[in-house]
file entry30.txt (compact mmCIF, C-alpha atoms and all ligand atoms)
# COMPACT_ATOMS: atom_id res chain seq x y z
CA MET U 1 112.35 112.60 107.19
CA PRO U 2 109.35 111.15 109.07
CA HIS U 3 106.37 110.36 106.88
CA ASP U 4 102.86 111.02 108.05
CA TYR U 5 101.23 108.00 106.50
CA HIS U 6 100.52 104.38 107.23
CA VAL U 7 99.85 101.22 105.31
CA LEU U 8 96.39 99.70 105.49
CA ILE U 9 96.28 95.97 104.78
CA THR U 10 92.89 94.84 103.57
CA SER U 11 92.24 91.22 102.55
CA GLU U 12 95.10 90.84 100.04
CA LYS U 13 96.07 94.33 98.94
CA GLU U 14 98.24 96.90 100.64
CA THR U 15 96.88 100.42 100.51
CA ASP U 16 99.13 103.35 101.29
CA VAL U 17 97.18 106.00 103.26
CA ARG U 18 98.31 109.65 103.36
CA LYS U 19 97.16 113.11 104.21
CA LEU U 20 97.64 114.29 100.62
CA ILE U 21 98.10 112.88 97.14
CA ILE U 22 99.06 115.17 94.26
CA ILE U 23 98.44 113.89 90.73
CA GLY U 24 100.75 115.66 88.28
CA SER U 25 104.34 116.87 88.29
CA GLY U 26 104.33 120.09 86.28
CA PRO U 27 104.84 123.49 87.92
CA ALA U 28 101.40 123.26 89.59
CA GLY U 29 101.93 119.78 91.03
CA TYR U 30 105.46 120.40 92.26
CA THR U 31 104.66 123.81 93.73
CA ALA U 32 101.70 122.32 95.58
CA ALA U 33 104.09 119.60 96.78
CA ILE U 34 106.69 122.13 98.00
CA TYR U 35 104.11 124.06 100.02
CA ALA U 36 102.34 120.98 101.36
CA ALA U 37 105.61 119.25 102.27
CA ARG U 38 106.83 122.36 104.10
CA GLY U 39 103.49 122.30 105.91
CA GLY U 40 104.30 118.80 107.17
CA LEU U 41 101.82 116.92 104.99
CA ALA U 42 104.41 114.57 103.39
CA PRO U 43 102.50 114.47 100.09
CA LEU U 44 102.75 111.66 97.61
CA VAL U 45 103.27 113.06 94.09
CA ILE U 46 102.19 110.77 91.29
CA ALA U 47 104.41 112.10 88.54
CA SER U 48 103.47 109.92 85.54
CA SER U 49 105.65 107.21 84.02
CA VAL U 50 106.78 108.98 80.83
CA GLU U 51 105.58 112.57 81.18
CA ALA U 52 107.05 113.43 84.58
CA GLY U 53 107.81 117.15 84.76
CA GLY U 54 104.98 118.04 82.38
CA GLU U 55 105.06 120.25 79.30
CA LEU U 56 108.19 122.13 80.36
CA MET U 57 110.19 118.96 79.78
CA ASN U 58 109.57 119.65 76.05
CA THR U 59 110.86 123.19 76.25
CA THR U 60 114.37 124.53 75.81
CA GLU U 61 115.13 127.93 77.27
CA VAL U 62 112.60 129.34 79.74
CA GLU U 63 113.23 133.08 79.84
CA ASN U 64 110.21 134.31 81.76
CA PHE U 65 110.32 132.34 85.01
CA PRO U 66 111.16 134.93 87.67
CA GLY U 67 114.47 134.40 89.44
CA PHE U 68 116.43 133.19 86.42
CA PRO U 69 117.68 136.35 84.68
CA GLU U 70 119.88 134.31 82.33
CA GLY U 71 117.02 131.90 81.57
CA ILE U 72 116.89 128.23 82.49
CA GLN U 73 116.32 125.05 80.48
CA GLY U 74 112.77 123.68 81.01
CA PRO U 75 113.92 120.21 82.16
CA GLU U 76 116.39 121.73 84.62
CA LEU U 77 113.69 123.97 86.07
CA MET U 78 111.47 120.94 86.61
CA THR U 79 114.29 118.91 88.19
CA ARG U 80 114.92 121.77 90.60
CA MET U 81 111.23 121.94 91.55
CA GLN U 82 111.24 118.17 92.09
CA GLU U 83 114.34 118.34 94.30
CA GLN U 84 112.85 121.23 96.26
CA ALA U 85 109.68 119.21 96.92
CA GLU U 86 111.70 116.14 97.97
CA ARG U 87 113.90 118.21 100.26
CA PHE U 88 110.86 118.98 102.41
CA GLY U 89 109.57 115.41 102.46
CA ALA U 90 107.44 114.93 99.35
CA GLU U 91 107.62 111.41 97.92
CA ILE U 92 107.50 111.01 94.15
CA VAL U 93 106.21 107.96 92.31
CA TYR U 94 106.87 107.62 88.58
CA ASP U 95 103.69 105.86 87.59
CA ASP U 96 100.35 106.72 85.99
CA VAL U 97 97.00 106.92 87.69
CA VAL U 98 94.62 104.56 85.91
CA SER U 99 91.51 105.21 87.99
CA VAL U 100 90.23 107.36 90.82
CA ASP U 101 87.46 107.00 93.37
CA PHE U 102 86.53 110.25 95.10
CA ALA U 103 83.12 109.12 96.35
CA GLY U 104 84.00 108.61 100.02
CA THR U 105 85.78 110.83 102.54
CA SER U 106 88.98 109.00 101.64
CA LYS U 107 90.22 109.77 98.09
CA LYS U 108 91.45 106.65 96.30
CA VAL U 109 93.73 106.26 93.31
CA VAL U 110 94.93 103.15 91.52
CA LEU U 111 98.25 103.20 89.67
CA GLY U 112 99.36 101.36 86.54
CA SER U 113 101.40 99.05 88.77
CA GLY U 114 98.16 98.03 90.52
CA LYS U 115 99.22 99.75 93.74
CA GLU U 116 96.46 101.66 95.52
CA HIS U 117 96.83 104.86 97.48
CA GLU U 118 94.37 106.75 99.67
CA SER U 119 94.43 110.21 101.12
CA GLU U 120 92.34 112.68 103.08
CA ALA U 121 92.84 115.34 100.40
CA LEU U 122 93.92 115.26 96.78
CA VAL U 123 95.27 117.84 94.31
CA TYR U 124 94.50 117.17 90.67
CA ALA U 125 97.16 118.92 88.54
CA THR U 126 97.39 116.88 85.37
CA GLY U 127 97.99 119.82 83.02
CA SER U 128 97.05 119.91 79.35
CA ALA U 129 98.12 118.16 76.20
CA PRO U 130 98.55 119.60 72.69
CA ARG U 131 95.46 119.09 70.54
CA LYS U 132 95.94 116.82 67.52
CA LEU U 133 94.60 117.21 64.00
CA GLY U 134 93.57 113.56 64.07
CA ILE U 135 94.71 112.58 60.59
CA GLU U 136 96.68 109.47 59.64
CA GLY U 137 99.95 111.02 58.46
CA GLU U 138 100.11 113.17 61.58
CA SER U 139 100.57 110.30 64.04
CA ARG U 140 102.75 108.28 61.65
CA LEU U 141 105.18 111.16 61.13
CA SER U 142 105.07 112.55 64.66
CA GLY U 143 108.71 113.19 65.63
CA ARG U 144 109.71 112.86 61.97
CA GLY U 145 108.76 116.33 60.89
CA VAL U 146 105.44 116.65 62.69
CA SER U 147 105.90 118.54 65.95
CA TYR U 148 103.76 120.14 68.67
CA CYS U 149 106.54 122.24 70.13
CA ALA U 150 108.34 124.96 68.18
CA THR U 151 110.76 125.68 71.00
CA CYS U 152 111.76 122.01 71.21
CA ASP U 153 112.14 121.27 67.53
CA GLY U 154 112.54 124.57 65.66
CA PHE U 155 116.30 124.19 65.71
CA PHE U 156 116.07 121.16 63.39
CA PHE U 157 114.52 123.23 60.60
CA ARG U 158 117.30 125.68 59.77
CA GLU U 159 116.84 127.04 56.25
CA ARG U 160 113.89 124.68 55.69
CA THR U 161 110.34 125.27 54.53
CA ILE U 162 107.80 124.51 57.21
CA ALA U 163 104.17 125.16 58.15
CA VAL U 164 102.39 126.02 61.35
CA VAL U 165 98.76 124.92 61.56
CA GLY U 166 96.32 127.11 63.54
CA GLY U 167 95.10 130.67 63.77
CA GLY U 168 95.32 131.44 67.50
CA ASP U 169 98.01 133.07 69.61
CA SER U 170 99.96 129.81 69.90
CA ALA U 171 100.18 129.41 66.13
CA LEU U 172 101.12 133.07 65.64
CA GLU U 173 103.74 132.91 68.37
CA GLU U 174 105.21 129.67 67.04
CA ALA U 175 105.23 130.89 63.43
CA THR U 176 107.05 134.07 64.46
CA PHE U 177 109.51 132.12 66.63
CA LEU U 178 110.20 129.61 63.85
CA THR U 179 111.30 132.34 61.42
CA LYS U 180 114.52 132.40 63.50
CA PHE U 181 115.35 129.05 61.90
CA ALA U 182 113.24 128.34 58.83
CA SER U 183 113.63 130.10 55.49
CA LYS U 184 109.84 130.04 54.92
CA VAL U 185 106.92 129.53 57.30
CA TYR U 186 103.40 128.92 55.99
CA LEU U 187 100.66 129.62 58.50
CA ILE U 188 97.80 127.32 57.55
CA HIS U 189 94.44 128.42 58.92
CA ARG U 190 91.05 126.90 58.30
CA ARG U 191 89.22 130.24 58.13
CA GLY U 192 89.69 133.64 56.46
CA GLU U 193 90.26 135.43 59.76
CA LEU U 194 92.75 134.79 62.54
CA ARG U 195 91.68 134.17 66.13
CA GLY U 196 94.88 135.41 67.77
CA SER U 197 95.36 138.82 69.40
CA LYS U 198 95.88 141.94 67.26
CA ILE U 199 99.46 142.46 68.37
CA MET U 200 100.47 138.87 67.62
CA GLN U 201 98.72 139.08 64.23
CA GLN U 202 100.51 142.29 63.34
CA ARG U 203 103.88 140.86 64.32
CA ALA U 204 103.35 137.67 62.29
CA LEU U 205 101.83 139.34 59.24
CA ALA U 206 104.66 141.89 59.11
CA ASN U 207 107.24 139.11 59.01
CA GLU U 208 108.29 138.56 55.39
CA LYS U 209 109.14 134.90 56.00
CA ILE U 210 105.52 134.14 56.99
CA GLU U 211 102.81 133.50 54.40
CA VAL U 212 99.26 132.81 55.52
CA VAL U 213 97.39 130.07 53.69
CA TRP U 214 93.77 131.06 54.30
CA ASN U 215 90.68 128.85 54.34
CA SER U 216 92.69 125.66 54.30
CA ALA U 217 92.53 122.49 56.34
CA VAL U 218 95.32 119.92 56.43
CA ALA U 219 93.72 116.77 55.02
CA ASP U 220 96.89 114.64 55.18
CA VAL U 221 100.57 114.79 55.98
CA LEU U 222 102.76 113.27 53.28
CA GLY U 223 106.07 111.41 53.55
CA ASP U 224 107.42 107.91 54.16
CA ASP U 225 110.16 108.36 56.78
CA ALA U 226 109.97 112.14 57.07
CA VAL U 227 107.51 114.88 56.17
CA THR U 228 107.61 115.90 52.51
CA GLY U 229 104.41 117.95 52.38
CA VAL U 230 100.74 118.19 53.20
CA VAL U 231 97.48 117.84 51.35
CA LEU U 232 95.44 121.01 51.79
CA GLU U 233 91.68 121.11 51.42
CA ASP U 234 90.09 124.45 50.61
CA THR U 235 87.39 124.95 53.25
CA VAL U 236 85.33 127.13 50.88
CA ASP U 237 85.19 125.11 47.65
CA GLY U 238 86.52 121.71 48.84
CA SER U 239 89.33 121.58 46.27
CA ARG U 240 92.58 119.85 47.20
CA ARG U 241 96.23 120.60 46.48
CA GLU U 242 99.63 119.57 47.76
CA LEU U 243 102.13 121.84 49.47
CA ALA U 244 105.79 120.72 49.69
CA LEU U 245 107.20 121.06 53.24
CA ASP U 246 110.01 119.79 55.47
CA GLY U 247 108.07 120.11 58.69
CA VAL U 248 104.63 120.73 60.18
CA PHE U 249 104.04 122.34 63.58
CA VAL U 250 100.55 121.75 64.92
CA ALA U 251 99.44 124.63 67.19
CA ILE U 252 95.67 124.30 67.36
CA GLY U 253 95.29 124.64 71.12
CA ASN U 254 95.65 122.45 74.18
CA ASP U 255 93.13 120.23 75.88
CA PRO U 256 93.07 119.89 79.65
CA ARG U 257 93.84 116.35 80.77
CA THR U 258 90.54 115.47 82.39
CA HIS U 259 90.09 111.88 81.19
CA LEU U 260 90.38 110.46 84.75
CA VAL U 261 87.66 112.68 86.18
CA HIS U 262 84.90 112.69 83.57
CA GLY U 263 81.68 112.15 85.49
CA VAL U 264 83.63 112.52 88.75
CA LEU U 265 84.40 116.25 88.92
CA ASP U 266 82.32 119.02 87.36
CA LEU U 267 83.88 120.52 84.23
CA THR U 268 83.42 123.99 82.70
CA PRO U 269 82.06 124.57 79.16
CA ALA U 270 85.73 125.09 78.13
CA GLY U 271 86.47 121.53 79.27
CA THR U 272 88.60 122.48 82.28
CA VAL U 273 87.95 121.22 85.80
CA TRP U 274 85.48 123.54 87.52
CA VAL U 275 86.78 125.30 90.64
CA ASP U 276 84.97 127.57 93.05
CA GLY U 277 85.93 131.18 92.20
CA ARG U 278 89.60 131.91 92.73
CA SER U 279 90.03 128.88 94.98
CA SER U 280 91.15 125.40 93.92
CA ARG U 281 88.07 123.70 95.42
CA THR U 282 86.41 121.37 92.92
CA SER U 283 82.84 120.07 93.03
CA VAL U 284 84.00 117.24 95.35
CA PRO U 285 84.99 118.19 98.92
CA GLY U 286 88.61 117.27 99.61
CA VAL U 287 89.58 117.31 95.93
CA PHE U 288 91.42 120.39 94.70
CA ALA U 289 92.64 121.25 91.19
CA ALA U 290 95.45 123.44 89.92
CA GLY U 291 97.40 124.49 86.83
CA ASP U 292 96.50 124.10 83.17
CA VAL U 293 93.73 121.63 83.97
CA ILE U 294 91.69 124.54 85.41
CA ASP U 295 93.04 127.29 83.14
CA PRO U 296 91.73 127.77 79.59
CA THR U 297 93.45 131.14 79.21
CA TYR U 298 96.91 131.83 80.60
CA ARG U 299 98.70 128.46 80.67
CA GLN U 300 102.05 129.79 81.86
CA ALA U 301 104.57 128.02 84.10
CA VAL U 302 104.35 130.90 86.57
CA THR U 303 100.54 130.96 86.71
CA ALA U 304 100.51 127.18 87.11
CA ALA U 305 102.99 127.43 89.98
CA GLY U 306 100.81 130.11 91.63
CA SER U 307 97.79 127.90 91.16
CA GLY U 308 99.64 125.03 92.87
CA THR U 309 100.27 127.32 95.84
CA VAL U 310 96.56 128.11 96.08
CA ALA U 311 95.77 124.39 96.07
CA ALA U 312 98.27 123.58 98.84
CA LEU U 313 96.90 126.37 101.04
CA ASP U 314 93.31 125.27 100.39
CA VAL U 315 94.31 121.70 101.33
CA GLU U 316 95.83 122.90 104.62
CA HIS U 317 92.64 124.77 105.54
CA TYR U 318 90.52 121.80 104.56
CA LEU U 319 92.54 119.37 106.69
CA VAL U 320 92.47 121.68 109.71
CA ALA U 321 88.66 121.95 109.38
CA LEU U 322 88.44 118.16 109.02
CA ASP U 323 90.51 117.63 112.19
CA GLU U 324 88.41 120.16 114.11
CA ALA U 325 85.21 118.45 112.99
CA ALA U 326 86.60 115.06 114.07
CA GLU U 327 87.60 116.48 117.50
CA THR U 328 84.10 117.91 117.98
CA ILE U 329 82.53 114.54 117.19
CA ASP U 330 84.94 112.82 119.63
CA ARG U 331 84.03 115.34 122.32
CA VAL U 332 80.29 114.98 121.77
CA GLU U 333 80.53 111.18 121.73
CA GLY U 334 82.57 111.31 124.94
CA LEU U 335 79.85 113.25 126.79
CA PRO U 336 77.59 111.27 129.12
CA ALA U 337 74.17 110.52 127.66
CA VAL U 338 71.34 112.68 129.09
P1 LIG L 401 93.05 128.81 70.53
O1 LIG L 401 92.98 130.26 70.87
O2 LIG L 401 91.93 127.92 70.93
O3 LIG L 401 93.26 128.75 68.96
C1 LIG L 401 93.29 127.51 68.31
C2 LIG L 401 93.38 127.77 66.82
O4 LIG L 401 93.52 126.51 66.17
C3 LIG L 401 92.16 128.49 66.26
O5 LIG L 401 92.53 129.40 65.28
C4 LIG L 401 91.36 127.33 65.66
O6 LIG L 401 90.64 127.70 64.51
C5 LIG L 401 92.43 126.36 65.25
N1 LIG L 401 91.99 124.99 65.31
C6 LIG L 401 91.41 124.34 66.35
N2 LIG L 401 91.15 123.06 66.04
C7 LIG L 401 91.57 122.90 64.77
C8 LIG L 401 91.57 121.81 63.87
N3 LIG L 401 91.12 120.60 64.23
N4 LIG L 401 92.06 121.99 62.62
C9 LIG L 401 92.55 123.21 62.25
N5 LIG L 401 92.58 124.29 63.05
C10 LIG L 401 92.09 124.13 64.30
O7 LIG L 401 94.36 128.13 71.15
P2 LIG L 401 95.82 128.76 71.40
O8 LIG L 401 96.26 129.50 70.22
O9 LIG L 401 96.65 127.61 71.90
O10 LIG L 401 95.58 129.77 72.60
C11 LIG L 401 94.96 129.30 73.82
C12 LIG L 401 94.95 130.44 74.83
O11 LIG L 401 96.29 130.72 75.26
C13 LIG L 401 94.40 131.72 74.23
O12 LIG L 401 93.65 132.37 75.20
C14 LIG L 401 95.62 132.54 73.88
O13 LIG L 401 95.40 133.93 73.90
C15 LIG L 401 96.60 132.09 74.98
N6 LIG L 401 97.97 132.22 74.49
C16 LIG L 401 98.61 133.40 74.72
C17 LIG L 401 99.90 133.58 74.24
C18 LIG L 401 100.58 134.88 74.50
O14 LIG L 401 99.93 135.83 74.86
N7 LIG L 401 101.89 134.96 74.35
C19 LIG L 401 100.53 132.58 73.52
C20 LIG L 401 99.85 131.40 73.29
C21 LIG L 401 98.56 131.22 73.79
P3 LIG L 401 89.35 128.69 64.59
O15 LIG L 401 89.94 130.05 64.78
O16 LIG L 401 88.69 128.48 63.29
O17 LIG L 401 88.57 128.20 65.77

call {"tool": "encode", "arguments": {"input": "entry30.txt", "output": "structure tokens"}}
result
Amino acid sequence: MPHDYHVLITSEKETDVRKLIIIGSGPAGYTAAIYAARGGLAPLVIASSVEAGGELMNTTEVENFPGFPEGIQGPELMTRMQEQAERFGAEIVYDDVVSVDFAGTSKKVVLGSGKEHESEALVYATGSAPRKLGIEGESRLSGRGVSYCATCDGFFFRERTIAVVGGGDSALEEATFLTKFASKVYLIHRRGELRGSKIMQQRALANEKIEVVWNSAVADVLGDDAVTGVVLEDTVDGSRRELALDGVFVAIGNDPRTHLVHGVLDLTPAGTVWVDGRSSRTSVPGVFAAGDVIDPTYRQAVTAAGSGTVAALDVEHYLVALDEAAETIDRVEGLPAV
């Protein structure tokens, strides 16, 4: 497969120069790569060193991705997307971007390996990461009873007593899902009113395995090698008590992964990358964004994939306009001076 890129050798460093770089390898990144590769842009996908494939790598059965009536495992779905992108000429690098420079017409990224890449256009599709409570026991017992993914880890809590922290749709959905496994699910919420939708509330509250613990914040997660409970702080009177548990699922929302572009791209009040209307155009010409990093609301694999499509099409239009502008300049410069 011919690649439309070249290597620029400046003083000591080699810089790989492309038409398009895509940062991120979730459904948005890979779908953008499939479209762009089919369009002959030979994109370079920077897939991350440990999180390649994105959030779906932490999922088991995906039942709502169209085209898979029997369902498909999240990791398999992502492998298929990756293979589809490669089939059309996308190149995938398993490394992390450590810095970006979007100031010039050429978009520059530096990887953890130190390698530098440049492109005429760039798609930023870094997704979102589960929000953390930020307490000591949480990080220490992460993977030992503290989880951010009910579908990944629910299976390990058969006939156990667990808690879900949060009061939004994610927490309600996870609590309801976890009753398939656990004998008891506490839903710990910091206020006296849930944030989640009415239908999700009704479903959760009607489930006899779920008990809501109102006005309570998790002050600590207890346990040496595995979770044994939590310390709850009453958010009204400040009193503290312990609750014995085998597992804690934190479902307090997701944060878009924007750390690389703070001060570089405009963000929305919700913390997502700002894009122009329904397009993927960011505040910097030539830089496009797609997937969870621009979406505070839907955050579905299918919507992310659709968003990746929008980005690839916007990139194609941008590059055509760029080429036309360059041709016009060449023509004008070629005219005899009057
Ligand atoms: P969310 O709506 O932002 O809710 C986060 C919840 O966690 C809130 O109840 C919040 O409490 C609580 N919270 C936040 N930080 C906390 C902290 N440090 N300590 C304790 N509690 C904390 O997030 P989400 O539930 O992930 O939903 C995000 C979006 O995706 C929503 O638009 C939702 O409708 C959508 N979604 C839809 C579905 C579905 O339709 N199937 C499923 C999941 C998500 P407060 O209420 O006090 O702020």

call {"tool": "closest_atom_pairs", "arguments": {"input": "entry30.txt", "of": "chain U", "to": "ligand LIG 401 (chain L)", "cutoff": "9 Å", "atoms": "only C-alpha atoms and all ligand atoms", "output": "JSON lines"}}
result
{"residue": "U:Pro130", "atom": "CA", "partner": "L:LIG401", "partner_atom": "O9", "distance": 8.3}
{"residue": "U:Arg131", "atom": "CA", "partner": "L:LIG401", "partner_atom": "N2", "distance": 7.4}
{"residue": "U:Lys132", "atom": "CA", "partner": "L:LIG401", "partner_atom": "N3", "distance": 7.0}
{"residue": "U:Leu133", "atom": "CA", "partner": "L:LIG401", "partner_atom": "N3", "distance": 4.9}
{"residue": "U:Gly134", "atom": "CA", "partner": "L:LIG401", "partner_atom": "N3", "distance": 7.5}
{"residue": "U:Val165", "atom": "CA", "partner": "L:LIG401", "partner_atom": "N5", "distance": 6.4}
{"residue": "U:Gly166", "atom": "CA", "partner": "L:LIG401", "partner_atom": "O4", "distance": 3.9}
{"residue": "U:Gly167", "atom": "CA", "partner": "L:LIG401", "partner_atom": "O5", "distance": 3.2}
{"residue": "U:Gly168", "atom": "CA", "partner": "L:LIG401", "partner_atom": "O8", "distance": 3.5}
{"residue": "U:Asp169", "atom": "CA", "partner": "L:LIG401", "partner_atom": "O8", "distance": 4.0}
{"residue": "U:Ser170", "atom": "CA", "partner": "L:LIG401", "partner_atom": "O8", "distance": 3.7}
{"residue": "U:Ala171", "atom": "CA", "partner": "L:LIG401", "partner_atom": "O8", "distance": 5.7}
{"residue": "U:Leu172", "atom": "CA", "partner": "L:LIG401", "partner_atom": "O8", "distance": 7.6}
{"residue": "U:Glu173", "atom": "CA", "partner": "L:LIG401", "partner_atom": "C19", "distance": 6.1}
{"residue": "U:Glu174", "atom": "CA", "partner": "L:LIG401", "partner_atom": "C20", "distance": 8.4}
{"residue": "U:Ile188", "atom": "CA", "partner": "L:LIG401", "partner_atom": "C9", "distance": 8.2}
{"residue": "U:His189", "atom": "CA", "partner": "L:LIG401", "partner_atom": "N5", "distance": 6.1}
{"residue": "U:Arg190", "atom": "CA", "partner": "L:LIG401", "partner_atom": "C9", "distance": 5.6}
{"residue": "U:Arg191", "atom": "CA", "partner": "L:LIG401", "partner_atom": "O16", "distance": 5.5}
{"residue": "U:Gly192", "atom": "CA", "partner": "L:LIG401", "partner_atom": "O16", "distance": 8.6}
{"residue": "U:Glu193", "atom": "CA", "partner": "L:LIG401", "partner_atom": "O15", "distance": 7.4}
{"residue": "U:Leu194", "atom": "CA", "partner": "L:LIG401", "partner_atom": "O15", "distance": 5.9}
{"residue": "U:Arg195", "atom": "CA", "partner": "L:LIG401", "partner_atom": "O15", "distance": 4.7}
{"residue": "U:Gly196", "atom": "CA", "partner": "L:LIG401", "partner_atom": "O1", "distance": 6.3}
{"residue": "U:Ser197", "atom": "CA", "partner": "L:LIG401", "partner_atom": "O13", "distance": 6.6}
{"residue": "U:Met200", "atom": "CA", "partner": "L:LIG401", "partner_atom": "O14", "distance": 7.9}
{"residue": "U:Ser216", "atom": "CA", "partner": "L:LIG401", "partner_atom": "C9", "distance": 8.3}
{"residue": "U:Ala217", "atom": "CA", "partner": "L:LIG401", "partner_atom": "C9", "distance": 6.0}
{"residue": "U:Val218", "atom": "CA", "partner": "L:LIG401", "partner_atom": "C9", "distance": 7.2}
{"residue": "U:Val250", "atom": "CA", "partner": "L:LIG401", "partner_atom": "C9", "distance": 8.6}
{"residue": "U:Ala251", "atom": "CA", "partner": "L:LIG401", "partner_atom": "O9", "distance": 6.2}
{"residue": "U:Ile252", "atom": "CA", "partner": "L:LIG401", "partner_atom": "O4", "distance": 3.3}
{"residue": "U:Gly253", "atom": "CA", "partner": "L:LIG401", "partner_atom": "O9", "distance": 3.4}
{"residue": "U:Asn254", "atom": "CA", "partner": "L:LIG401", "partner_atom": "O9", "distance": 5.7}
{"residue": "U:Pro296", "atom": "CA", "partner": "L:LIG401", "partner_atom": "C12", "distance": 6.3}
{"residue": "U:Thr297", "atom": "CA", "partner": "L:LIG401", "partner_atom": "O12", "distance": 4.2}
{"residue": "U:Tyr298", "atom": "CA", "partner": "L:LIG401", "partner_atom": "O11", "distance": 5.5}
{"residue": "U:Arg299", "atom": "CA", "partner": "L:LIG401", "partner_atom": "O11", "distance": 6.3}
{"residue": "U:Gln300", "atom": "CA", "partner": "L:LIG401", "partner_atom": "C16", "distance": 8.7}

call {"tool": "write_last_selection", "arguments": {"input": "entry30.txt", "atoms": "C-alpha atoms", "output": "short mmCIF file (atom, residue, chain, number, x, y, z; two decimals), in the frame of the given file"}}
result
data_model
loop_
_atom_site.label_atom_id
_atom_site.label_comp_id
_atom_site.auth_asym_id
_atom_site.auth_seq_id
_atom_site.Cartn_x
_atom_site.Cartn_y
_atom_site.Cartn_z
CA PRO U 130 98.55 119.60 72.69
CA ARG U 131 95.46 119.09 70.54
CA LYS U 132 95.94 116.82 67.52
CA LEU U 133 94.60 117.21 64.00
CA GLY U 134 93.57 113.56 64.07
CA VAL U 165 98.76 124.92 61.56
CA GLY U 166 96.32 127.11 63.54
CA GLY U 167 95.10 130.67 63.77
CA GLY U 168 95.32 131.44 67.50
CA ASP U 169 98.01 133.07 69.61
CA SER U 170 99.96 129.81 69.90
CA ALA U 171 100.18 129.41 66.13
CA LEU U 172 101.12 133.07 65.64
CA GLU U 173 103.74 132.91 68.37
CA GLU U 174 105.21 129.67 67.04
CA ILE U 188 97.80 127.32 57.55
CA HIS U 189 94.44 128.42 58.92
CA ARG U 190 91.05 126.90 58.30
CA ARG U 191 89.22 130.24 58.13
CA GLY U 192 89.69 133.64 56.46
CA GLU U 193 90.26 135.43 59.76
CA LEU U 194 92.75 134.79 62.54
CA ARG U 195 91.68 134.17 66.13
CA GLY U 196 94.88 135.41 67.77
CA SER U 197 95.36 138.82 69.40
CA MET U 200 100.47 138.87 67.62
CA SER U 216 92.69 125.66 54.30
CA ALA U 217 92.53 122.49 56.34
CA VAL U 218 95.32 119.92 56.43
CA VAL U 250 100.55 121.75 64.92
CA ALA U 251 99.44 124.63 67.19
CA ILE U 252 95.67 124.30 67.36
CA GLY U 253 95.29 124.64 71.12
CA ASN U 254 95.65 122.45 74.18
CA PRO U 296 91.73 127.77 79.59
CA THR U 297 93.45 131.14 79.21
CA TYR U 298 96.91 131.83 80.60
CA ARG U 299 98.70 128.46 80.67
CA GLN U 300 102.05 129.79 81.86
#

call {"tool": "atom_distance", "arguments": {"input": "entry30.txt", "atom1": "atom CA of U:Leu222", "atom2": "atom CA of U:Glu242"}}
result
8.9 Å

call {"tool": "atom_distance", "arguments": {"input": "entry30.txt", "atom1": "atom CA of U:Leu232", "atom2": "atom CA of U:Glu138"}}
result
13.4 Å

call {"tool": "closest_residue", "arguments": {"input": "entry30.txt", "among": "U:Ser106, U:Ser25, U:Thr151, U:Asn64", "to": "U:Val50", "atoms": "only C-alpha atoms"}}
result
U:Ser25

call {"tool": "closest_residue", "arguments": {"input": "entry30.txt", "among": "U:Gly112, U:Phe249, U:Arg80, U:Ala290", "to": "U:Ala150", "atoms": "all atoms listed in the file"}}
result
U:Phe249

call {"tool": "atom_distance", "arguments": {"input": "entry30.txt", "atom1": "atom CA of U:Asp153", "atom2": "atom CA of U:Leu141"}}
result
13.8 Å

call {"tool": "closest_residue", "arguments": {"input": "entry30.txt", "among": "U:Val93, U:Val227, U:Met57, U:Val62", "to": "U:Gly145", "atoms": "only C-alpha atoms"}}
result
U:Val227

call {"tool": "closest_residue", "arguments": {"input": "entry30.txt", "among": "U:Ala28, U:Gly154, U:Ala121, U:Glu159", "to": "U:Asp295", "atoms": "all atoms listed in the file"}}
result
U:Ala28

call {"tool": "build_atoms", "arguments": {"input": "entry30.txt", "residues": "stretch 208-216 of chain U", "atoms": "N, CA and C atoms", "output": "short mmCIF file (atom, residue, chain, number, x, y, z; two decimals), keeping the file's coordinate frame"}}
result
data_model
loop_
_atom_site.label_atom_id
_atom_site.label_comp_id
_atom_site.auth_asym_id
_atom_site.auth_seq_id
_atom_site.Cartn_x
_atom_site.Cartn_y
_atom_site.Cartn_z
N GLU U 208 108.30 138.94 56.82
CA GLU U 208 108.29 138.56 55.39
C GLU U 208 108.53 137.08 55.14
N LYS U 209 108.97 136.35 56.17
CA LYS U 209 109.14 134.90 56.00
C LYS U 209 107.81 134.14 56.16
N ILE U 210 106.80 134.83 56.71
CA ILE U 210 105.52 134.14 56.99
C ILE U 210 104.51 134.42 55.88
N GLU U 211 103.90 133.35 55.39
CA GLU U 211 102.81 133.50 54.40
C GLU U 211 101.59 132.75 54.91
N VAL U 212 100.47 133.46 55.01
CA VAL U 212 99.26 132.81 55.52
C VAL U 212 98.55 132.08 54.38
N VAL U 213 98.19 130.85 54.64
CA VAL U 213 97.39 130.07 53.69
C VAL U 213 95.98 130.03 54.28
N TRP U 214 95.12 130.88 53.73
CA TRP U 214 93.77 131.06 54.30
C TRP U 214 92.83 129.93 53.90
N ASN U 215 91.79 129.77 54.66
CA ASN U 215 90.68 128.85 54.34
C ASN U 215 91.18 127.47 53.93
N SER U 216 92.12 126.95 54.67
CA SER U 216 92.69 125.66 54.30
C SER U 216 92.82 124.74 55.51
#
